[in-house]
Each structure stands twice: as C-alpha cells, then as structure tokens.
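Coordinates as given in data-v5.cif (mmCIF, C-alpha atoms):
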```
data_start
loop_
_atom_site.label_atom_id
_atom_site.label_comp_id
_atom_site.auth_asym_id
_atom_site.auth_seq_id
_atom_site.Cartn_x
_atom_site.Cartn_y
_atom_site.Cartn_z
CA MET P 1 3.80 -2.81 -4.88
CA GLY P 2 5.57 -0.44 -2.57
CA GLY P 3 9.07 0.18 -1.33
CA VAL P 4 10.16 -3.35 -2.08
CA GLU P 5 9.90 -2.50 -5.79
CA TYR P 6 12.53 0.20 -5.38
CA PHE P 7 15.26 -2.38 -4.86
CA MET P 8 14.17 -4.38 -7.90
CA LEU P 9 13.81 -1.30 -10.10
CA LYS P 10 17.13 0.14 -8.98
CA ASN P 11 18.84 -2.99 -10.23
CA THR P 12 16.81 -3.10 -13.45
CA LEU P 13 16.76 0.56 -14.48
CA GLY P 14 19.88 1.76 -12.73
CA GLU P 15 20.16 4.05 -9.74
CA SER P 16 20.58 7.14 -11.93
CA TYR P 17 17.07 6.63 -13.30
CA PHE P 18 15.75 8.12 -10.07
CA GLU P 19 16.45 11.44 -8.42
CA TYR P 20 14.94 9.97 -5.29
CA TRP P 21 12.38 7.41 -4.15
CA ASN P 22 10.60 8.80 -1.13
CA ILE P 23 8.49 6.45 0.95
CA LEU P 24 5.83 8.08 3.08
CA GLU P 25 5.27 6.09 6.23
CA ARG P 26 4.38 6.42 9.87
CA LYS P 27 6.96 8.23 12.01
CA ASP P 28 7.89 5.13 13.99
CA PHE P 29 8.81 3.40 10.77
CA VAL P 30 10.58 6.38 9.25
CA ASP P 31 12.91 6.73 12.23
CA VAL P 32 14.02 3.14 11.88
CA PHE P 33 14.08 3.05 8.08
CA ASN P 34 16.21 6.18 7.79
CA MET P 35 18.71 4.61 10.15
CA GLU P 36 18.90 1.22 8.52
CA VAL P 37 17.59 1.03 4.97
CA CYS P 38 18.01 4.37 3.16
CA ASP P 39 20.67 4.95 0.51
CA ARG P 40 21.58 7.83 -1.83
CA THR P 41 18.20 7.68 -3.56
CA LEU P 42 15.87 6.00 -1.09
CA LYS P 43 14.38 8.31 1.55
CA PHE P 44 11.64 8.07 4.11
CA SER P 45 9.26 10.79 5.25
CA CYS P 46 6.25 10.94 7.49
CA ASP P 47 4.67 14.25 6.50
CA LEU P 48 3.30 14.86 3.02
CA SER P 49 3.27 18.65 3.52
CA LYS P 50 7.02 18.74 4.17
CA ILE P 51 8.04 17.16 0.89
CA LYS P 52 9.64 19.97 -1.10
CA GLU P 53 11.34 18.13 -3.97
CA ASN P 54 9.89 17.68 -7.44
CA VAL P 55 7.44 14.80 -7.33
CA ASP P 56 7.10 13.24 -10.78
CA VAL P 57 5.38 9.96 -9.95
CA VAL P 58 3.14 9.15 -7.00
CA ILE P 59 2.49 5.50 -6.17
CA ILE P 60 -0.29 4.60 -3.78
CA SER P 61 -0.67 0.86 -3.56
CA GLY P 62 -3.06 -0.71 -1.09
CA ALA P 63 -2.70 2.25 1.24
CA LEU P 64 -5.47 4.81 0.74
CA GLN P 65 -8.13 2.66 2.35
CA TYR P 66 -6.14 2.52 5.58
CA LEU P 67 -5.63 6.27 5.94
CA PRO P 68 -7.89 8.38 8.17
CA ASN P 69 -8.75 10.80 5.35
CA PRO P 70 -7.83 9.40 1.93
CA ILE P 71 -9.59 12.15 -0.05
CA GLU P 72 -7.50 14.85 1.64
CA VAL P 73 -4.37 12.88 0.86
CA LEU P 74 -5.37 12.69 -2.80
CA LYS P 75 -6.08 16.43 -2.90
CA ASN P 76 -2.61 17.13 -1.50
CA VAL P 77 -1.05 14.73 -3.99
CA ILE P 78 -2.73 16.51 -6.91
CA LYS P 79 -1.45 19.87 -5.61
CA MET P 80 2.08 18.53 -6.08
CA LYS P 81 1.35 18.28 -9.83
CA PRO P 82 3.10 14.96 -10.47
CA GLN P 83 3.29 13.68 -14.05
CA CYS P 84 1.66 10.38 -13.06
CA VAL P 85 -0.40 9.11 -10.16
CA LEU P 86 -0.67 5.33 -9.89
CA ILE P 87 -3.32 3.99 -7.54
CA THR P 88 -3.42 0.21 -7.18
CA ARG P 89 -4.95 -2.42 -4.90
CA THR P 90 -7.52 0.16 -3.86
CA PRO P 91 -11.24 -0.46 -3.34
CA PHE P 92 -13.91 1.83 -4.79
CA TRP P 93 -17.63 1.72 -4.70
CA GLU P 94 -20.58 3.74 -5.96
CA LYS P 95 -22.14 4.62 -2.63
CA LYS P 96 -21.26 7.37 -0.17
CA GLN P 97 -17.80 7.19 1.37
CA ARG P 98 -17.76 5.39 4.67
CA LEU P 99 -15.58 3.80 7.28
CA THR P 100 -16.10 0.11 7.75
CA LYS P 101 -14.07 -2.93 8.74
CA GLN P 102 -12.05 -5.30 6.67
CA LEU P 103 -12.11 -9.02 7.29
CA SER P 104 -10.01 -11.90 6.08
CA TRP P 105 -6.56 -12.30 4.61
CA LYS P 106 -5.52 -14.24 1.56
CA GLN P 107 -3.18 -16.92 2.77
CA GLU P 108 -4.72 -18.46 5.83
CA SER P 109 -8.33 -19.39 5.32
CA ASN P 110 -8.75 -20.37 8.95
CA TRP P 111 -8.12 -16.74 9.97
CA LYS P 112 -11.13 -15.50 8.12
CA GLU P 113 -13.27 -14.96 11.14
CA ARG P 114 -10.49 -13.56 13.26
CA LEU P 115 -9.10 -10.61 11.37
CA SER P 116 -10.68 -7.20 11.46
CA TYR P 117 -9.41 -3.64 11.07
CA PRO P 118 -10.58 -0.16 10.00
CA PHE P 119 -11.03 0.38 6.32
CA PHE P 120 -12.27 3.29 4.21
CA LEU P 121 -14.50 2.80 1.21
CA MET P 122 -14.15 5.68 -1.22
CA ASN P 123 -16.78 6.79 -3.65
CA GLU P 124 -15.47 6.24 -7.16
CA LYS P 125 -17.05 9.35 -8.70
CA LEU P 126 -15.69 11.57 -5.94
CA VAL P 127 -12.17 10.31 -6.55
CA MET P 128 -12.47 10.71 -10.32
CA LYS P 129 -13.75 14.26 -9.86
CA LEU P 130 -10.58 15.20 -7.99
CA PHE P 131 -8.53 14.41 -11.09
CA GLU P 132 -10.97 15.97 -13.57
CA ASN P 133 -9.54 18.58 -15.98
CA LYS P 134 -6.06 18.05 -14.59
CA TYR P 135 -5.36 14.40 -15.37
CA LYS P 136 -6.56 11.79 -17.78
CA LYS P 137 -7.16 8.18 -16.87
CA LEU P 138 -4.68 6.26 -18.99
CA ILE P 139 -5.05 2.77 -17.53
CA ASP P 140 -7.86 1.33 -15.44
CA PHE P 141 -8.28 -2.36 -14.71
CA PRO P 142 -9.93 -4.53 -12.06
CA MET P 143 -7.72 -6.34 -9.60
CA THR P 144 -8.29 -9.61 -7.85
CA GLN P 145 -7.91 -8.91 -4.19
CA LYS P 146 -8.52 -11.59 -1.69
CA MET P 147 -8.74 -9.10 1.14
CA PHE P 148 -12.30 -7.96 1.20
CA VAL P 149 -14.95 -6.31 3.24
CA THR P 150 -17.34 -9.10 3.97
CA ARG P 151 -20.47 -7.08 4.45
CA TYR P 152 -20.11 -5.13 1.22
CA LYS P 153 -18.22 -7.70 -0.82
CA GLY P 154 -20.54 -7.56 -3.81
CA SER P 155 -20.41 -3.81 -4.32
CA VAL P 156 -16.70 -3.14 -3.74
CA LYS P 157 -14.30 -3.25 -6.68
CA TYR P 158 -10.53 -3.26 -6.35
CA ARG P 159 -8.90 -1.30 -9.14
CA ALA P 160 -5.60 -0.15 -10.53
CA ILE P 161 -5.71 3.28 -12.14
CA LEU P 162 -2.96 5.27 -13.77
CA PHE P 163 -3.60 9.01 -14.12
CA THR P 164 -1.33 11.09 -16.32
CA LYS P 165 -1.13 14.88 -16.23
CA LEU P 166 -2.88 16.75 -19.06
CA MET V 1 -4.08 -14.77 20.47
CA ILE V 2 -2.83 -11.81 18.50
CA LYS V 3 -0.95 -12.21 15.25
CA ILE V 4 0.69 -9.37 13.41
CA ILE V 5 1.62 -9.54 9.77
CA PHE V 6 4.17 -7.17 8.31
CA GLN V 7 4.54 -6.53 4.63
CA GLY V 8 6.61 -4.12 2.57
CA ILE V 9 10.10 -2.97 3.30
CA VAL V 10 10.06 -3.98 6.95
CA PHE V 11 11.53 -7.37 6.09
CA ARG V 12 14.85 -5.70 5.24
CA LEU V 13 15.38 -4.63 8.81
CA PRO V 14 17.45 -6.58 11.33
CA LEU V 15 15.27 -8.58 13.67
CA PHE V 16 15.84 -6.39 16.71
CA LEU V 17 14.66 -3.33 14.76
CA ARG V 18 11.54 -5.11 13.61
CA ASP V 19 10.79 -5.69 17.25
CA LYS V 20 11.22 -1.96 17.85
CA ILE V 21 8.63 -1.27 15.17
CA ILE V 22 6.25 -3.79 16.64
CA VAL V 23 6.45 -2.10 20.01
CA ASN V 24 5.76 1.25 18.34
CA VAL V 25 2.88 -0.22 16.41
CA PHE V 26 1.02 -0.54 19.65
CA ASN V 27 0.89 3.24 19.81
CA MET V 28 -1.15 3.40 16.64
CA PRO V 29 -4.60 4.95 17.04
CA VAL V 30 -6.33 1.82 15.83
CA CYS V 31 -5.08 -0.25 18.71
CA THR V 32 -4.40 2.17 21.53
CA GLY V 33 -5.05 0.44 24.77
CA SER V 34 -6.16 -2.74 23.08
CA TYR V 35 -3.04 -4.86 23.41
CA ASP V 36 -0.43 -5.38 26.00
CA LYS V 37 1.22 -8.41 24.43
CA TYR V 38 1.40 -10.37 21.23
CA ASP V 39 1.90 -14.04 20.56
CA ASP V 40 2.88 -14.38 16.97
CA ILE V 41 4.36 -12.16 14.29
CA ILE V 42 4.59 -12.89 10.61
CA TYR V 43 6.52 -10.89 8.03
CA GLY V 44 4.47 -11.24 4.87
CA THR V 45 7.14 -10.17 2.42
CA GLU V 46 9.66 -12.72 3.63
CA SER V 47 7.54 -15.48 2.20
CA TYR V 48 8.45 -14.22 -1.28
CA PHE V 49 11.99 -15.35 -0.71
CA SER V 50 11.30 -18.90 0.38
CA LYS V 51 10.55 -21.67 -2.06
CA GLU V 52 7.12 -22.16 -0.51
CA GLY V 53 6.40 -18.44 -0.66
CA LEU V 54 7.43 -18.23 -4.28
CA LEU V 55 5.27 -21.22 -5.21
CA SER V 56 2.37 -19.63 -3.39
CA GLU V 57 2.87 -16.41 -5.35
CA LEU V 58 3.00 -18.34 -8.61
CA GLU V 59 -0.20 -20.12 -7.72
CA THR V 60 -1.88 -16.78 -6.99
CA PHE V 61 -0.61 -15.51 -10.33
CA ARG V 62 -2.09 -18.52 -12.13
CA GLU V 63 -5.43 -18.07 -10.37
CA MET V 64 -5.53 -14.40 -11.29
CA SER V 65 -4.63 -15.11 -14.90
CA ALA V 66 -7.30 -17.80 -15.11
CA GLN V 67 -9.87 -15.29 -13.91
CA LYS V 68 -8.83 -12.93 -16.68
CA GLU V 69 -8.29 -10.19 -14.14
CA ALA V 70 -5.19 -8.13 -13.64
CA PRO V 71 -2.27 -10.42 -12.92
CA ILE V 72 0.74 -9.28 -10.94
CA LEU V 73 2.63 -8.81 -14.18
CA GLU V 74 0.08 -6.27 -15.38
CA ARG V 75 0.41 -4.33 -12.16
CA ASN V 76 4.17 -4.12 -12.55
CA THR V 77 3.77 -3.21 -16.21
CA THR V 78 1.60 -0.29 -15.15
CA LEU V 79 4.28 0.85 -12.73
CA PHE V 80 6.86 0.74 -15.52
CA ALA V 81 4.46 2.71 -17.72
CA ALA V 82 4.09 5.42 -15.07
CA LEU V 83 7.85 5.71 -14.59
CA SER V 84 8.52 5.77 -18.34
CA ILE V 85 5.89 8.43 -19.06
CA ALA V 86 7.23 10.68 -16.32
CA LYS V 87 10.82 10.15 -17.45
CA GLU V 88 9.91 11.01 -21.03
CA LYS V 89 8.20 14.22 -19.93
CA VAL V 90 10.77 15.57 -17.50
CA LYS V 91 13.90 14.20 -19.20
CA ARG V 92 15.89 13.98 -15.96
CA PRO V 93 16.11 11.55 -13.07
CA ILE V 94 12.62 11.28 -11.67
CA GLY V 95 11.32 11.78 -8.16
CA VAL V 96 8.96 9.12 -6.85
CA LEU V 97 6.67 9.48 -3.87
CA ASP V 98 5.53 6.08 -2.63
CA ILE V 99 2.73 6.47 -0.10
CA GLY V 100 2.59 3.59 2.34
CA GLY V 101 5.39 1.75 0.57
CA GLY V 102 7.09 0.65 3.76
CA GLY V 103 4.37 -1.71 4.82
CA GLY V 104 3.01 0.36 7.71
CA GLY V 105 -0.36 0.79 6.04
CA ARG V 106 -0.67 -2.89 5.55
CA ILE V 107 0.06 -4.18 8.99
CA LEU V 108 -2.64 -6.66 9.60
CA TYR V 109 -3.95 -7.31 13.06
CA VAL V 110 -5.38 -10.73 13.52
CA LYS V 111 -7.83 -10.75 16.33
CA LYS V 112 -11.54 -10.92 16.13
CA TYR V 113 -13.04 -7.43 16.41
CA ALA V 114 -9.94 -6.18 18.18
CA TRP V 115 -10.66 -2.55 17.39
CA ARG V 116 -14.44 -2.54 17.66
CA GLU V 117 -14.47 -0.45 20.81
CA LEU V 118 -13.27 2.48 18.75
CA PHE V 119 -16.46 2.71 16.69
#
```

Could you render the structure from this file as structure tokens?
Amino acid sequence: MGGVEYFMLKNTLGESYFEYWNILERKDFVDVFNMEVCDRTLKFSCDLSKIKENVDVVIISGALQYLPNPIEVLKNVIKMKPQCVLITRTPFWEKKQRLTKQLSWKQESNWKERLSYPFFLMNEKLVMKLFENKYKKLIDFPMTQKMFVTRYKGSVKYRAILFTKL
Amino acid sequence: MIKIIFQGIVFRLPLFLRDKIIVNVFNMPVCTGSYDKYDDIIYGTESYFSKEGLLSELETFREMSAQKEAPILERNTTLFAALSIAKEKVKRPIGVLDIGGGGGGRILYVKKYAWRELF
C-alpha cells in the first residue's frame, strides 16, 4: 500500500472523492515529489505537526517499524481524530518494545544474509491501549510478510488492523 | 557491494531525480558516514509493471491465498472499507494522510550489518 494506490484509486473512485491525499515522507523526498509528482489532490509533507487540514483517514502501511518513535507518531495521529486509522504490514509482539534489526527480503533468497537495517518491534497491548475508548477495532487479520526479523521470527506477527472512530 | 531498493512512489520520478534522492538518502541517520558509493540500485515498484514482475506478484498472491492468510486483495479491500466508512461519516471529499507512502520508509539497504556501528 502507499502512495502508489492514490493513482489507482483516483482513476477508480474519481478525483473528487478526495479532498486531498497527503503523503508524509522524509524532507529529501518531499522536495522532489512536490516538484514532480503532485497534482491538485496529491500533496507531500514532512512534518506531522504542520498538517492543518481535516484528516479523515490515516494509512500507515509498512512504515511504523522504521520510524524512530512509532508510539509517538500513533499518539499524534490519534490527536488528529481521523474517522479511520488503517495500519498494515506492521509487526507486533507481546514483549516489551525494542529496537532490533531486520534481515532478508522477499524476492532474492541469496540476499538473506546480506540485508540488515533498524527495525522497531512494538508491543501489541501498548498500541491497542492508545486506541482504547476512542476507536474500535473493526478489522484485524494476520499478514504474510516475507520480511522478518530472524532472531525473533517466531514471536513477531505481521498484522493489518482497521480502527474506526467511536 | 551495496544495493539499494526503492519502493513506493519513487518509481514515478524521472531517472535523474531518483539519483538526487539516492544521494540524499546517504544523509539519513541510519547510514551517516557508512557509505561513500553504491554499486546497484533497484526500484522495487517498477517490477509491478513488467511481465516478470506481475507474474511474481501473482505467484506471491497464490502462495498467500494457499496459506489462508491475508492476500493482497484483502488488504486492498480493507483500504476501500476505510475510505468508504470515512466518506459515509463526513459526507464530503475526504482527506487522507498516508504515512510513509512515498517509499522512503521502505528503502532497503543491502549490505551485511551495514549499520551495526550505530548500536
């Protein structure tokens, strides 16, 4: 999921379906994207705190685990009071939150021992508590994800969760 | 050997701008001071638009379906559900915030323990 879906959805649902589609990315990317890719609806930003428009849907797909402080990001997202928060391709586990490293990538098996980058494991209960009394969990299903943390493979579960505002 | 894989919206950029992003990527905290050159760059999303890439995606879809876990279709259905619910509630064009949707969060660095000195 991610910004690529915007172009598919725009064609399927029509551009007027959206007031805007704002992609939050790193500043380096935003500078280039705003020059080359944006249109009337598609925007790019690099600072969550500076988004002032109505946010109705928040999509976070395969991104939280790569942020320095994913829990803070979620807290700020909830403060925006969106109608729906969709978290997909995101690993959770039952132990204390920790930073670890991710190994492997899905397509090239011979890279398995050569890929490694920082990766946050979030505690599932802590994340659910953030949404408590404000949102209900409408959809929750496991996802097959071939990217995995080797050392903790058995205890990490990739999930897709849709929260809707109460 | 360092390989970099881009996914997300980056593939829509002209080649020279992708190179600009790659140069900037080297300023990211995770790799500061680690690299001074790269040998190979792969744009993950582009594979979706080649015959081989599409077949690979279909194969992944079949594997996922066989495992009775969430197939790609279900993921997209959930996205449609989120958009529809919000639209029904606000009854106006909706605003979407897509965190990490450009592909920046999913840049993959392929080098054994390239960042280990940071921890």

Worksheet item: Excluding same-chain residues fewer than 3 positions from segment 22-35 of chain P, what lies within 6 Å of it counting only C-alpha atoms, as a ChimeraX atom specification?
Response: /P:38,42-46 /V:96-101

Worksheet, complete the sentence: Pairwise distance, atom CA of Leu79 of chain V with atom CA of Pro93 of chain V, equals 16.0 Å

Fill in: Atomic separation - atom CA of Leu64 of chain P relative to atom CA of Lys157 of chain P, Å
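For atom CA of Lys157 of chain P relative to atom CA of Leu64 of chain P, the distance reads 14.1 Å.
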
If the PyMOL selection byres ((chain V and resi 86) around 9) were run on this exact file, what residues would it hold? Put them as a PDB file with C-alpha atoms, keeping the file's coordinate frame.
```
ATOM      1  CA  ASP P  56       7.100  13.240 -10.780  1.00  0.00           C
ATOM      2  CA  VAL P  57       5.380   9.960  -9.950  1.00  0.00           C
ATOM      3  CA  PRO P  82       3.100  14.960 -10.470  1.00  0.00           C
ATOM      4  CA  GLN P  83       3.290  13.680 -14.050  1.00  0.00           C
ATOM      5  CA  CYS P  84       1.660  10.380 -13.060  1.00  0.00           C
ATOM      6  CA  THR P 164      -1.330  11.090 -16.320  1.00  0.00           C
TER       7      THR P 164
ATOM      8  CA  ALA V  81       4.460   2.710 -17.720  1.00  0.00           C
ATOM      9  CA  ALA V  82       4.090   5.420 -15.070  1.00  0.00           C
ATOM     10  CA  LEU V  83       7.850   5.710 -14.590  1.00  0.00           C
ATOM     11  CA  SER V  84       8.520   5.770 -18.340  1.00  0.00           C
ATOM     12  CA  ILE V  85       5.890   8.430 -19.060  1.00  0.00           C
ATOM     13  CA  LYS V  87      10.820  10.150 -17.450  1.00  0.00           C
ATOM     14  CA  GLU V  88       9.910  11.010 -21.030  1.00  0.00           C
ATOM     15  CA  LYS V  89       8.200  14.220 -19.930  1.00  0.00           C
ATOM     16  CA  VAL V  90      10.770  15.570 -17.500  1.00  0.00           C
ATOM     17  CA  LYS V  91      13.900  14.200 -19.200  1.00  0.00           C
ATOM     18  CA  ILE V  94      12.620  11.280 -11.670  1.00  0.00           C
TER      19      ILE V  94
END
```

Practice prompt. Measure the distance from atom CA of Glu53 of chain P to atom CA of Thr41 of chain P in Å and round it to one decimal.
Written response: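 Calculated distance between atom CA of Glu53 of chain P and atom CA of Thr41 of chain P is 12.5 Å.
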
Worksheet item: For Asn76 of chain P, which of P:Arg89, P:Lys165, P:Lys125, P:Lys50 is the closest residue, counting all atoms listed in the file?
Response: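 Answer, going by the shortest atom-to-atom distance: P:Lys50.
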
Worksheet item: Taking all atoms listed in the file into account, which of P:Leu121, P:Leu48, P:Leu86, P:Val127 comes nearest Tyr66 of chain P?
Response: P:Leu121

Fill in: Reference answer for the PyMOL selection byres ((chain P and resi 159) around 8), as a list in words
Ile87, Thr88, Arg89, Thr90, Pro91, Phe92, Asp140, Phe141, Pro142, Met143, Lys157, Tyr158, Ala160 and Ile161 of chain P

Padding of 6 Å on every side, edges along x, y and z, all listed atoms of segment 65-75 of chain P included: what centre and edge lengths in Å, to one decimal, does that box have, as AutoDock Vina command-line options?
```
--center_x -7.0 --center_y 9.5 --center_z 2.6 --size_x 17.2 --size_y 25.9 --size_z 23.1
```
